[in-house]
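K.L.:
Contents of start_3.cif (mmCIF, C-alpha atoms and all ligand atoms) are below:
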```cif
data_target
loop_
_atom_site.label_atom_id
_atom_site.label_comp_id
_atom_site.auth_asym_id
_atom_site.auth_seq_id
_atom_site.Cartn_x
_atom_site.Cartn_y
_atom_site.Cartn_z
CA MET F 1 2.51 -0.65 2.21
CA PRO F 2 1.02 -3.06 4.74
CA GLU F 3 0.02 -1.57 8.08
CA LEU F 4 -0.07 -2.98 11.58
CA ARG F 5 -3.21 -2.06 13.48
CA GLN F 6 -3.78 -2.70 17.14
CA ASN F 7 -7.03 -4.08 18.51
CA ILE F 8 -8.01 -1.24 20.87
CA ILE F 9 -9.70 -3.73 23.22
CA THR F 10 -7.29 -6.70 23.49
CA GLY F 11 -4.02 -5.14 22.37
CA ASP F 12 -3.54 -7.83 19.68
CA TRP F 13 -2.02 -6.74 16.37
CA VAL F 14 -3.25 -7.43 12.84
CA VAL F 15 -1.57 -6.71 9.51
CA ILE F 16 -3.73 -4.95 6.95
CA ALA F 17 -2.07 -5.73 3.60
CA PRO F 18 -4.47 -4.63 0.87
CA GLU F 19 -2.16 -5.61 -1.99
CA ARG F 20 -2.72 -9.28 -1.37
CA ALA F 21 -6.31 -9.42 -2.65
CA LYS F 22 -7.87 -6.51 -4.38
CA ARG F 23 -11.52 -7.22 -5.16
CA PRO F 24 -14.17 -9.29 -3.40
CA LYS F 25 -14.14 -11.87 -6.21
CA ASP F 26 -10.46 -12.55 -5.50
CA PHE F 27 -11.54 -14.09 -2.21
CA ILE F 28 -13.51 -16.84 -3.89
CA ILE F 29 -11.01 -19.66 -3.88
CA PRO F 30 -12.03 -22.69 -5.91
CA ARG F 31 -11.37 -25.51 -3.47
CA GLY F 32 -8.86 -28.07 -4.52
CA VAL F 33 -7.65 -26.06 -7.50
CA LYS F 34 -4.02 -25.29 -6.88
CA VAL F 35 -1.03 -24.46 -9.00
CA SER F 36 0.43 -27.90 -9.42
CA ASP F 37 1.81 -28.28 -12.91
CA GLU F 38 5.42 -27.41 -13.34
CA GLU F 39 4.88 -25.22 -16.43
CA SER F 40 2.85 -22.57 -14.64
CA CYS F 41 4.61 -22.90 -11.29
CA PRO F 42 6.32 -19.64 -10.29
CA PHE F 43 8.85 -21.42 -8.05
CA CYS F 44 10.25 -23.99 -10.47
CA VAL F 45 13.79 -22.96 -11.37
CA ASP F 46 13.20 -23.02 -15.15
CA SER F 47 9.89 -21.16 -15.07
CA GLU F 48 9.29 -17.63 -16.32
CA GLY F 49 8.07 -16.76 -12.83
CA PHE F 50 11.39 -17.78 -11.34
CA LYS F 51 13.37 -15.86 -13.95
CA SER F 52 11.43 -12.71 -13.11
CA ASN F 53 11.94 -13.48 -9.42
CA LYS F 54 15.70 -13.75 -9.79
CA LYS F 55 16.28 -10.16 -8.75
CA TYR F 56 14.71 -11.04 -5.42
CA LEU F 57 17.14 -13.91 -4.82
CA LYS F 58 18.75 -13.84 -1.37
CA SER F 59 20.72 -17.07 -1.22
CA GLU F 60 21.09 -20.41 -2.92
CA SER F 61 22.41 -23.83 -1.97
CA GLU F 62 22.34 -27.23 -3.64
CA ASN F 63 18.64 -27.98 -3.27
CA ILE F 64 17.20 -24.75 -1.92
CA TYR F 65 17.01 -21.07 -2.84
CA VAL F 66 15.65 -18.10 -0.90
CA ILE F 67 13.79 -15.11 -2.34
CA GLU F 68 12.08 -12.07 -0.94
CA ASN F 69 8.31 -12.49 -0.82
CA ARG F 70 6.71 -10.55 -3.70
CA TYR F 71 3.67 -9.79 -1.56
CA PRO F 72 5.24 -9.26 1.85
CA ALA F 73 3.30 -8.83 5.06
CA PHE F 74 6.36 -7.07 6.47
CA VAL F 75 8.39 -4.97 4.08
CA GLU F 76 11.88 -3.56 4.08
CA ASP F 77 11.45 0.08 4.79
CA GLU F 78 12.90 1.95 1.84
CA SER F 79 11.15 5.17 2.70
CA LYS F 80 12.88 5.19 6.08
CA LYS F 81 9.46 5.74 7.53
CA SER F 82 9.32 5.79 11.29
CA VAL F 83 8.46 2.46 12.87
CA ARG F 84 7.03 4.17 15.90
CA SER F 85 3.34 3.94 16.52
CA PHE F 86 1.08 6.58 15.10
CA TYR F 87 -2.41 7.36 16.24
CA PRO F 88 -4.81 7.92 13.35
CA GLU F 89 -8.35 9.28 13.41
CA ASP F 90 -7.71 12.00 15.94
CA GLY F 91 -5.49 9.78 18.03
CA PHE F 92 -8.21 7.23 18.68
CA TYR F 93 -6.50 4.16 17.23
CA ARG F 94 -2.93 2.87 17.27
CA ALA F 95 -1.09 1.70 14.14
CA ARG F 96 2.43 1.24 12.78
CA ALA F 97 4.07 0.76 9.40
CA SER F 98 4.47 -2.97 8.86
CA VAL F 99 8.22 -3.02 8.32
CA GLY F 100 10.55 -5.99 8.53
CA ASP F 101 11.36 -8.83 6.20
CA HIS F 102 9.42 -11.65 4.59
CA GLU F 103 11.36 -14.35 2.74
CA VAL F 104 10.41 -17.55 0.94
CA VAL F 105 12.64 -20.60 1.31
CA VAL F 106 12.03 -22.69 -1.80
CA VAL F 107 13.00 -26.34 -2.25
CA LYS F 108 14.08 -26.61 -5.91
CA ASP F 109 12.41 -29.95 -6.61
CA HIS F 110 8.74 -29.38 -7.43
CA ASN F 111 7.85 -33.02 -6.89
CA VAL F 112 8.73 -33.58 -3.26
CA ASP F 113 6.73 -32.49 -0.24
CA LEU F 114 7.33 -31.80 3.41
CA LEU F 115 6.04 -35.20 4.48
CA THR F 116 8.40 -37.06 2.18
CA PHE F 117 11.49 -34.82 2.31
CA SER F 118 14.66 -36.86 2.71
CA GLN F 119 16.60 -36.46 5.93
CA SER F 120 19.37 -34.57 4.12
CA LEU F 121 16.89 -32.17 2.49
CA LEU F 122 15.32 -31.42 5.87
CA ASP F 123 18.82 -30.81 7.29
CA GLU F 124 19.50 -28.36 4.45
CA LEU F 125 16.11 -26.66 4.96
CA PHE F 126 16.66 -25.98 8.67
CA GLU F 127 20.25 -24.90 8.14
CA THR F 128 19.07 -22.45 5.45
CA ILE F 129 16.33 -21.14 7.74
CA ARG F 130 18.88 -20.66 10.53
CA GLU F 131 21.27 -18.80 8.22
CA ARG F 132 18.53 -16.52 6.92
CA TYR F 133 17.29 -16.00 10.49
CA ILE F 134 20.72 -14.74 11.53
CA TRP F 135 20.82 -12.46 8.48
CA ILE F 136 17.34 -11.03 9.12
CA LYS F 137 18.23 -10.52 12.78
CA GLU F 138 20.70 -7.83 11.69
CA HIS F 139 17.83 -5.75 10.28
CA GLU F 140 17.58 -2.97 12.87
CA LYS F 141 13.80 -2.72 12.67
CA VAL F 142 13.11 -6.43 13.12
CA VAL F 143 11.98 -7.29 16.63
CA SER F 144 10.78 -10.86 16.21
CA ILE F 145 11.28 -13.60 13.58
CA MET F 146 9.06 -16.59 12.88
CA PRO F 147 9.85 -19.37 10.39
CA ILE F 148 6.72 -21.19 9.21
CA TYR F 149 5.64 -23.86 6.75
CA ASN F 150 2.23 -24.37 5.13
CA HIS F 151 1.66 -27.82 3.70
CA GLY F 152 -1.55 -28.63 1.81
CA PRO F 153 -4.65 -26.63 0.87
CA GLU F 154 -6.29 -26.83 4.32
CA ALA F 155 -3.12 -25.30 5.76
CA GLY F 156 -3.31 -22.26 3.47
CA ALA F 157 -0.60 -23.32 1.01
CA SER F 158 -1.61 -21.30 -2.06
CA ILE F 159 1.28 -22.60 -4.17
CA ARG F 160 1.90 -26.33 -4.13
CA HIS F 161 5.61 -26.12 -4.85
CA PRO F 162 7.33 -26.90 -1.51
CA HIS F 163 8.44 -23.79 0.36
CA ALA F 164 8.85 -22.41 3.86
CA GLN F 165 8.55 -18.73 4.81
CA ILE F 166 10.32 -16.51 7.31
CA PHE F 167 8.50 -13.50 8.77
CA GLY F 168 10.58 -10.81 10.43
CA SER F 169 8.32 -8.25 12.10
CA GLY F 170 8.67 -4.97 13.93
CA ILE F 171 6.42 -6.24 16.72
CA VAL F 172 6.35 -9.29 18.97
CA ALA F 173 3.74 -11.78 17.71
CA ASN F 174 0.58 -11.94 19.84
CA THR F 175 1.20 -15.61 20.66
CA ILE F 176 4.87 -15.14 21.57
CA GLY F 177 3.94 -12.23 23.82
CA ARG F 178 1.44 -14.43 25.66
CA GLU F 179 3.94 -17.29 25.97
CA ILE F 180 6.66 -14.99 27.29
CA ASP F 181 4.30 -13.51 29.88
CA GLY F 182 3.14 -16.97 31.00
CA ALA F 183 6.70 -18.32 31.13
CA GLU F 184 7.86 -15.32 33.18
CA LYS F 185 5.01 -15.78 35.63
CA TYR F 186 5.84 -19.50 35.99
CA PHE F 187 9.50 -18.63 36.50
CA GLY F 188 8.55 -16.11 39.17
CA ILE F 189 6.62 -18.71 41.11
CA ASN F 190 8.69 -21.86 40.50
CA GLY F 191 12.15 -20.49 39.74
CA ALA F 192 12.35 -22.69 36.65
CA CYS F 193 11.67 -22.57 32.92
CA VAL F 194 8.18 -23.94 32.27
CA TYR F 195 9.31 -25.61 29.04
CA CYS F 196 12.25 -27.35 30.77
CA ASP F 197 9.83 -28.58 33.44
CA LEU F 198 7.35 -29.70 30.78
CA VAL F 199 10.06 -31.69 28.96
CA LYS F 200 11.15 -33.36 32.22
CA HIS F 201 7.56 -34.17 33.13
CA GLU F 202 6.70 -35.60 29.69
CA LEU F 203 9.84 -37.74 29.59
CA LYS F 204 8.89 -39.16 32.98
CA GLU F 205 5.22 -39.62 32.05
CA LYS F 206 6.09 -41.07 28.59
CA THR F 207 2.48 -41.43 27.31
CA ARG F 208 2.62 -38.39 25.04
CA VAL F 209 6.26 -38.72 23.86
CA ILE F 210 6.38 -39.84 20.23
CA ALA F 211 10.04 -39.36 19.26
CA GLU F 212 13.36 -38.60 20.87
CA GLU F 213 16.80 -37.88 19.54
CA ASP F 214 20.02 -36.43 21.00
CA GLY F 215 18.81 -33.37 22.86
CA PHE F 216 15.31 -33.13 21.34
CA VAL F 217 11.91 -34.58 22.07
CA ALA F 218 8.57 -34.62 20.22
CA ILE F 219 5.39 -34.77 22.26
CA GLU F 220 1.67 -34.59 21.73
CA PHE F 221 0.90 -31.42 23.65
CA TYR F 222 -1.15 -31.94 26.83
CA ALA F 223 -3.61 -29.15 25.99
CA SER F 224 -3.66 -29.79 22.22
CA ARG F 225 -5.98 -27.60 20.18
CA PHE F 226 -5.83 -29.90 17.16
CA PRO F 227 -5.79 -33.70 16.82
CA PHE F 228 -2.13 -34.74 16.50
CA GLU F 229 -0.79 -31.31 17.53
CA THR F 230 2.90 -32.01 18.10
CA TRP F 231 5.57 -29.93 19.83
CA ILE F 232 9.29 -30.44 19.35
CA LEU F 233 11.55 -28.95 22.01
CA PRO F 234 15.23 -28.95 22.92
CA LYS F 235 15.59 -30.99 26.12
CA ASP F 236 18.09 -28.58 27.61
CA HIS F 237 17.31 -24.95 28.15
CA GLN F 238 17.81 -22.88 25.03
CA SER F 239 15.85 -19.71 24.43
CA GLN F 240 17.07 -18.89 20.92
CA PHE F 241 16.55 -21.09 17.86
CA GLU F 242 19.37 -19.42 15.94
CA LEU F 243 21.99 -20.41 18.54
CA THR F 244 21.40 -24.12 17.87
CA SER F 245 24.68 -25.70 16.73
CA LYS F 246 24.92 -27.41 13.35
CA LYS F 247 25.14 -30.80 15.08
CA SER F 248 22.09 -30.10 17.24
CA MET F 249 20.16 -28.87 14.22
CA VAL F 250 20.68 -32.25 12.58
CA ALA F 251 19.27 -33.99 15.69
CA PHE F 252 16.31 -31.58 15.61
CA SER F 253 15.78 -32.29 11.93
CA LYS F 254 15.80 -36.05 12.66
CA VAL F 255 12.95 -35.64 15.14
CA VAL F 256 11.02 -33.54 12.61
CA HIS F 257 11.63 -36.23 9.99
CA GLN F 258 10.35 -39.00 12.25
CA THR F 259 7.29 -36.94 13.20
CA MET F 260 6.42 -36.17 9.56
CA GLU F 261 6.80 -39.85 8.73
CA MET F 262 4.42 -40.86 11.52
CA LEU F 263 1.87 -38.19 10.57
CA ARG F 264 2.02 -39.21 6.90
CA ARG F 265 1.43 -42.86 7.74
CA THR F 266 -1.38 -42.07 10.16
CA ILE F 267 -3.53 -39.61 8.17
CA ASP F 268 -3.98 -39.72 4.39
CA ASN F 269 -3.27 -36.46 2.55
CA ILE F 270 -2.73 -34.56 5.75
CA SER F 271 -2.46 -30.76 5.57
CA LEU F 272 -0.43 -29.13 8.30
CA ASN F 273 1.40 -26.04 9.42
CA PHE F 274 4.49 -25.75 11.49
CA TYR F 275 6.01 -22.67 13.04
CA ILE F 276 8.97 -22.01 15.26
CA HIS F 277 8.45 -20.01 18.44
CA THR F 278 11.66 -18.43 19.66
CA LEU F 279 12.83 -15.48 21.72
CA PRO F 280 12.28 -12.09 20.03
CA VAL F 281 15.60 -10.79 18.72
CA ILE F 282 15.44 -7.68 20.89
CA HIS F 283 16.30 -9.88 23.88
CA GLU F 284 19.78 -11.27 24.43
CA ASN F 285 18.81 -14.39 26.32
CA SER F 286 16.07 -15.59 28.62
CA ALA F 287 16.05 -17.97 31.58
CA SER F 288 12.28 -18.43 31.32
CA TYR F 289 11.61 -18.69 27.57
CA HIS F 290 12.57 -21.79 25.55
CA TRP F 291 12.33 -22.14 21.74
CA HIS F 292 10.21 -24.87 20.21
CA MET F 293 8.40 -25.94 17.08
CA GLU F 294 4.65 -26.50 17.01
CA ILE F 295 3.19 -28.73 14.29
CA VAL F 296 -0.55 -28.32 13.77
CA PRO F 297 -2.30 -30.78 11.47
CA ARG F 298 -5.38 -29.17 9.92
CA VAL F 299 -7.67 -32.13 10.23
CA SER F 300 -10.44 -30.14 11.86
CA THR F 301 -11.71 -26.64 11.20
CA TRP F 302 -12.68 -24.15 13.82
CA GLY F 303 -16.36 -23.31 14.10
CA GLY F 304 -18.07 -20.32 15.61
CA PHE F 305 -17.49 -21.34 19.21
CA GLU F 306 -13.77 -21.92 18.70
CA LEU F 307 -13.38 -18.61 16.86
CA GLY F 308 -15.60 -16.77 19.31
CA SER F 309 -14.16 -18.15 22.50
CA GLU F 310 -10.68 -19.44 21.61
CA ILE F 311 -11.76 -22.43 23.68
CA ILE F 312 -10.98 -25.20 21.27
CA ILE F 313 -12.94 -28.41 21.17
CA ASN F 314 -10.42 -31.06 20.15
CA VAL F 315 -12.05 -34.37 19.26
CA MET F 316 -8.96 -36.47 19.95
CA SER F 317 -6.98 -36.65 23.16
CA PRO F 318 -3.22 -36.22 22.82
CA GLU F 319 -2.74 -39.55 24.63
CA GLU F 320 -4.79 -41.28 21.96
CA ALA F 321 -3.00 -39.36 19.19
CA ALA F 322 0.39 -40.45 20.59
CA HIS F 323 -0.81 -44.04 20.63
CA TYR F 324 -1.84 -43.93 16.92
CA LEU F 325 1.37 -42.20 15.85
CA LYS F 326 3.64 -44.61 17.70
CA GLU F 327 1.89 -47.55 16.03
CA LYS F 328 3.21 -46.19 12.72
CA LYS F 329 6.75 -45.66 13.94
CA THR F 330 9.45 -47.43 11.97
ZN ZN V 401 7.25 -25.81 -9.07
ZN ZN V 402 13.88 -24.12 29.31
ZN ZN V 403 4.71 -21.89 21.28
#
```
Show how you would write the structure in this file as structure tokens.
Ligand SMILES: [Zn+2]
Ligand SMILES: [Zn+2]
Ligand SMILES: [Zn+2]
P.N.:
Amino acid sequence: MPELRQNIITGDWVVIAPERAKRPKDFIIPRGVKVSDEESCPFCVDSEGFKSNKKYLKSESENIYVIENRYPAFVEDESKKSVRSFYPEDGFYRARASVGDHEVVVVKDHNVDLLTFSQSLLDELFETIRERYIWIKEHEKVVSIMPIYNHGPEAGASIRHPHAQIFGSGIVANTIGREIDGAEKYFGINGACVYCDLVKHELKEKTRVIAEEDGFVAIEFYASRFPFETWILPKDHQSQFELTSKKSMVAFSKVVHQTMEMLRRTIDNISLNFYIHTLPVIHENSASYHWHMEIVPRVSTWGGFELGSEIIINVMSPEEAAHYLKEKKT
């Protein structure tokens, strides 16, 4: 069973999940070698892997199916173990059972990828994620849910077959905790949601806006950590992703589609991650927090200074990135 352990100095959490790699040699990943042929792909619907996965099936629609992750970072708690913290080694450290849910949202077609998904497939993907989100939210031990997507080897996609993942955890993610604290502080001083203010400012400034659709905007983030780091936000205040209406979700998906198209045309073979930051499910609503998607192209790797300081040296300004992306807009 994976275990959450707290950094005694910073308070950040990590998941120790020893099942995922057992021996040191398992960490040696031959670069560029990825499961790509349909015969050995565990996610293709006709494969042996899929047949053995069928018992983990959670839902299915025309082009997408959802299964439980076989190697979850957060597991459904069958033992009814307490989710409260425990203090091992004579009470010195703090840890918790890593309970929750971890699902894989698989696009049935092996031969498409995130950057070339059709508009309707993207619509179906986000609608599926929203439905599963609402389902996972009912899990009494889940505190926070994060949908993510890894595209390409540099983004940690270990299986090439297109798939998103949804992590439902018993703790608030370190990043979300920091964002909530910052947003609350801003609200305390300015009496407004920092994300709403940011959207208003960027729409006025225009230089970093790359796409806009009914109710949503995509911007190159002012303090980008990565070249072409893109944020997509609802223009009006909305703290919870799952409350987005079907119609709004289509507008959101259109902005994602346009952004992927621009990124694909700008950088060859780009690897990227996206993740959705939204209010932890333990809260009903928030005037200061505002859901959004962050898209992080993995065109640069972090060196010792970045890892050691979390002060990221980004070699391309977001203004320049916006300029390049908009040149490729159709
Ligand atoms: Zn496949
Ligand atoms: Zn807001
Ligand atoms: Zn965020």
K.L.:
Could you list, as a PyMOL selection string, all residues that come within 9 Å of ligand ZN 403 (chain V)? Count all atoms listed in the file.
P.N.:
chain F and resi 175-176+179+231+275-278+290-294
K.L.:
Go through F:Glu89, F:Glu103, F:Asp123, F:Asp268 one by one, measure the shortest atom-to-atom distance of each to F:Asn63 using all atoms listed in the file, and give the residue with the smallest value.
P.N.:
F:Asp123
K.L.:
Which residue out of F:Ile180, F:Val296, F:Ile270, F:Ala157 has the minimum interatomic distance to ligand ZN 402 (chain V) when all atoms listed in the file are used?
P.N.:
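Comparing F:Ile180, F:Val296, F:Ile270, F:Ala157 against ligand ZN 402 (chain V), the winner is F:Ile180.
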K.L.:
What's around stretch 158-162 of chain F at 8 Å? Count all atoms listed in the file, leave out sequence neighbours fewer than 2 positions away in its own chain, and write the answer as a PDB file with C-alpha atoms, in the coordinates of the input.
P.N.:
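part-v9.pdb written:
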```
ATOM      1  CA  LYS F  34      -4.020 -25.290  -6.880  1.00  0.00           C
ATOM      2  CA  VAL F  35      -1.030 -24.460  -9.000  1.00  0.00           C
ATOM      3  CA  SER F  36       0.430 -27.900  -9.420  1.00  0.00           C
ATOM      4  CA  CYS F  41       4.610 -22.900 -11.290  1.00  0.00           C
ATOM      5  CA  PHE F  43       8.850 -21.420  -8.050  1.00  0.00           C
ATOM      6  CA  CYS F  44      10.250 -23.990 -10.470  1.00  0.00           C
ATOM      7  CA  VAL F 106      12.030 -22.690  -1.800  1.00  0.00           C
ATOM      8  CA  VAL F 107      13.000 -26.340  -2.250  1.00  0.00           C
ATOM      9  CA  ASP F 109      12.410 -29.950  -6.610  1.00  0.00           C
ATOM     10  CA  HIS F 110       8.740 -29.380  -7.430  1.00  0.00           C
ATOM     11  CA  ASN F 111       7.850 -33.020  -6.890  1.00  0.00           C
ATOM     12  CA  VAL F 112       8.730 -33.580  -3.260  1.00  0.00           C
ATOM     13  CA  ASP F 113       6.730 -32.490  -0.240  1.00  0.00           C
ATOM     14  CA  LEU F 114       7.330 -31.800   3.410  1.00  0.00           C
ATOM     15  CA  HIS F 151       1.660 -27.820   3.700  1.00  0.00           C
ATOM     16  CA  GLY F 152      -1.550 -28.630   1.810  1.00  0.00           C
ATOM     17  CA  PRO F 153      -4.650 -26.630   0.870  1.00  0.00           C
ATOM     18  CA  GLY F 156      -3.310 -22.260   3.470  1.00  0.00           C
ATOM     19  CA  ALA F 164       8.850 -22.410   3.860  1.00  0.00           C
TER      20      ALA F 164
END
```
K.L.:
Between atom CA of F:Met249 and atom CA of F:Phe274, what is the distance in Å, rounded to a tenth?
P.N.:
16.2 Å
K.L.:
For atom CA of F:Ser59 and atom CA of F:Val104, determine how far apart the two atoms are, in Å to one decimal place.
P.N.:
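Rounded to one decimal, the two atoms are 10.5 Å apart.
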K.L.:
Work out how far apart atom CA of F:Lys235 and atom CA of F:Thr207 are and give it in Å to one decimal.
P.N.:
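Taking atom CA of F:Lys235 as the start and atom CA of F:Thr207 as the end point, the length is 16.8 Å.
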K.L.:
Once 4 Å is added on each side, what centre and edge lengths in Å to one decimal does the axis-aligned box around all listed atoms of stretch 85-99 of chain F have, as AutoDock Vina command-line options?
P.N.:
```
--center_x -0.1 --center_y 4.5 --center_z 13.5 --size_x 24.6 --size_y 23.0 --size_z 18.4
```
K.L.:
Could you pull the residues within 10 Å of F:Ala251, counting only C-alpha atoms, minus those fewer than 4 positions along the same chain, as a list in words?
P.N.:
Asp123, Glu212, Glu213, Asp214, Gly215, Phe216, Val217, Pro234, Ser245, Lys246, Lys247, Val255, Val256 and His257 of chain F
K.L.:
Determine, counting all atoms listed in the file, which protein, DNA and RNA residues have an atom within 9 Å of an atom of F:Ser224; residues of the same chain fewer than 6 positions away are not included. Present the result as a ChimeraX atom specification.
P.N.:
/F:230,312,314,316-318
K.L.:
Taking all atoms listed in the file into account, list the residues no farther than 6 Å from ligand ZN 402 (chain V), as a PyMOL selection string.
P.N.:
chain F and resi 193+195-196+237-238+290
K.L.:
The residues within 10 Å of (9.3, -14.8, -3.4), using all atoms listed in the file and the coordinates of the file, should be reported as a PDB file with C-alpha atoms, in the coordinates of the input; which are they?
P.N.:
```pdb
ATOM      1  CA  PRO F  42       6.320 -19.640 -10.290  1.00  0.00           C
ATOM      2  CA  PHE F  43       8.850 -21.420  -8.050  1.00  0.00           C
ATOM      3  CA  GLY F  49       8.070 -16.760 -12.830  1.00  0.00           C
ATOM      4  CA  PHE F  50      11.390 -17.780 -11.340  1.00  0.00           C
ATOM      5  CA  ASN F  53      11.940 -13.480  -9.420  1.00  0.00           C
ATOM      6  CA  LYS F  54      15.700 -13.750  -9.790  1.00  0.00           C
ATOM      7  CA  LYS F  55      16.280 -10.160  -8.750  1.00  0.00           C
ATOM      8  CA  TYR F  56      14.710 -11.040  -5.420  1.00  0.00           C
ATOM      9  CA  LEU F  57      17.140 -13.910  -4.820  1.00  0.00           C
ATOM     10  CA  LYS F  58      18.750 -13.840  -1.370  1.00  0.00           C
ATOM     11  CA  TYR F  65      17.010 -21.070  -2.840  1.00  0.00           C
ATOM     12  CA  VAL F  66      15.650 -18.100  -0.900  1.00  0.00           C
ATOM     13  CA  ILE F  67      13.790 -15.110  -2.340  1.00  0.00           C
ATOM     14  CA  GLU F  68      12.080 -12.070  -0.940  1.00  0.00           C
ATOM     15  CA  ASN F  69       8.310 -12.490  -0.820  1.00  0.00           C
ATOM     16  CA  ARG F  70       6.710 -10.550  -3.700  1.00  0.00           C
ATOM     17  CA  TYR F  71       3.670  -9.790  -1.560  1.00  0.00           C
ATOM     18  CA  PRO F  72       5.240  -9.260   1.850  1.00  0.00           C
ATOM     19  CA  HIS F 102       9.420 -11.650   4.590  1.00  0.00           C
ATOM     20  CA  GLU F 103      11.360 -14.350   2.740  1.00  0.00           C
ATOM     21  CA  VAL F 104      10.410 -17.550   0.940  1.00  0.00           C
ATOM     22  CA  VAL F 105      12.640 -20.600   1.310  1.00  0.00           C
ATOM     23  CA  VAL F 106      12.030 -22.690  -1.800  1.00  0.00           C
ATOM     24  CA  HIS F 163       8.440 -23.790   0.360  1.00  0.00           C
ATOM     25  CA  GLN F 165       8.550 -18.730   4.810  1.00  0.00           C
TER      26      GLN F 165
END
```
K.L.:
Residues within 7 Å of F:Val194, please, as a VMD selection string. Count all atoms listed in the file; anything in the same chain fewer than 4 positions from it doesn't count.
P.N.:
chain F and resid 183 186 to 187 198 288
K.L.:
Looking at only C-alpha atoms and all ligand atoms, which of F:Lys108, F:Ala17, F:Glu48, F:Glu319 is the one that sits closest to ligand ZN 401 (chain V)?
P.N.:
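Distance minimum relative to ligand ZN 401 (chain V) lands on F:Lys108.
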K.L.:
Neighbours of F:Ile134 within 12 Å (all atoms listed in the file; same-chain residues fewer than 2 positions away dropped), as a PyMOL selection string?
P.N.:
chain F and resi 127-132+136-139+142+144-147+166+168+240-244+281
K.L.:
Anything within 6 Å of (18.5, -30.2, 0.0): list those residues as a list in words, counting all atoms listed in the file and sticking to the file's coordinates.
P.N.:
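Residues close enough to count: Asn63, Ile64, Leu121 and Glu124 of chain F.
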K.L.:
Taking all atoms listed in the file into account, which of F:Asp46, F:Asp12, F:Asp236, F:Glu62 comes nearest ligand ZN 401 (chain V)?
P.N.:
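Among the listed residues, F:Asp46 lies closest to ligand ZN 401 (chain V).
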K.L.:
Taking into account only C-alpha atoms and all ligand atoms, which residue in the set F:Ser118, F:Ser47, F:Ser286, F:Asp90 is nearest to ligand ZN 401 (chain V)?
P.N.:
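Comparing F:Ser118, F:Ser47, F:Ser286, F:Asp90 against ligand ZN 401 (chain V), the winner is F:Ser47.
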K.L.:
With N, CA and C atoms as the target, complete stretch 292-306 of chain F and hand it back as a short mmCIF file (atom, residue, chain, number, x, y, z; two decimals), keeping the file's coordinate frame.
P.N.:
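The file below, rebuild10.cif, is the result:
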```cif
data_model
loop_
_atom_site.label_atom_id
_atom_site.label_comp_id
_atom_site.auth_asym_id
_atom_site.auth_seq_id
_atom_site.Cartn_x
_atom_site.Cartn_y
_atom_site.Cartn_z
N HIS F 292 10.84 -23.60 20.56
CA HIS F 292 10.21 -24.87 20.21
C HIS F 292 9.50 -24.76 18.88
N MET F 293 9.19 -25.91 18.30
CA MET F 293 8.40 -25.94 17.08
C MET F 293 7.03 -26.51 17.41
N GLU F 294 5.99 -25.93 16.86
CA GLU F 294 4.65 -26.50 17.01
C GLU F 294 4.18 -26.95 15.62
N ILE F 295 3.70 -28.19 15.55
CA ILE F 295 3.19 -28.73 14.29
C ILE F 295 1.68 -28.90 14.47
N VAL F 296 0.91 -28.24 13.61
CA VAL F 296 -0.55 -28.32 13.77
C VAL F 296 -1.20 -28.89 12.51
N PRO F 297 -1.58 -30.18 12.58
CA PRO F 297 -2.30 -30.78 11.47
C PRO F 297 -3.67 -30.12 11.34
N ARG F 298 -4.10 -29.85 10.12
CA ARG F 298 -5.38 -29.17 9.92
C ARG F 298 -6.44 -30.19 9.54
N VAL F 299 -6.69 -31.08 10.47
CA VAL F 299 -7.67 -32.13 10.23
C VAL F 299 -9.05 -31.75 10.75
N SER F 300 -9.13 -30.62 11.43
CA SER F 300 -10.44 -30.14 11.86
C SER F 300 -10.46 -28.64 11.61
N THR F 301 -11.65 -28.09 11.37
CA THR F 301 -11.71 -26.64 11.20
C THR F 301 -12.41 -26.03 12.41
N TRP F 302 -12.07 -24.80 12.68
CA TRP F 302 -12.68 -24.15 13.82
C TRP F 302 -14.05 -23.61 13.44
N GLY F 303 -15.02 -23.85 14.30
CA GLY F 303 -16.36 -23.31 14.10
C GLY F 303 -16.53 -22.02 14.88
N GLY F 304 -17.77 -21.59 14.96
CA GLY F 304 -18.07 -20.32 15.61
C GLY F 304 -17.65 -20.27 17.07
N PHE F 305 -17.85 -21.36 17.79
CA PHE F 305 -17.49 -21.34 19.21
C PHE F 305 -15.98 -21.21 19.39
N GLU F 306 -15.23 -21.99 18.61
CA GLU F 306 -13.77 -21.92 18.70
C GLU F 306 -13.26 -20.52 18.36
#
```
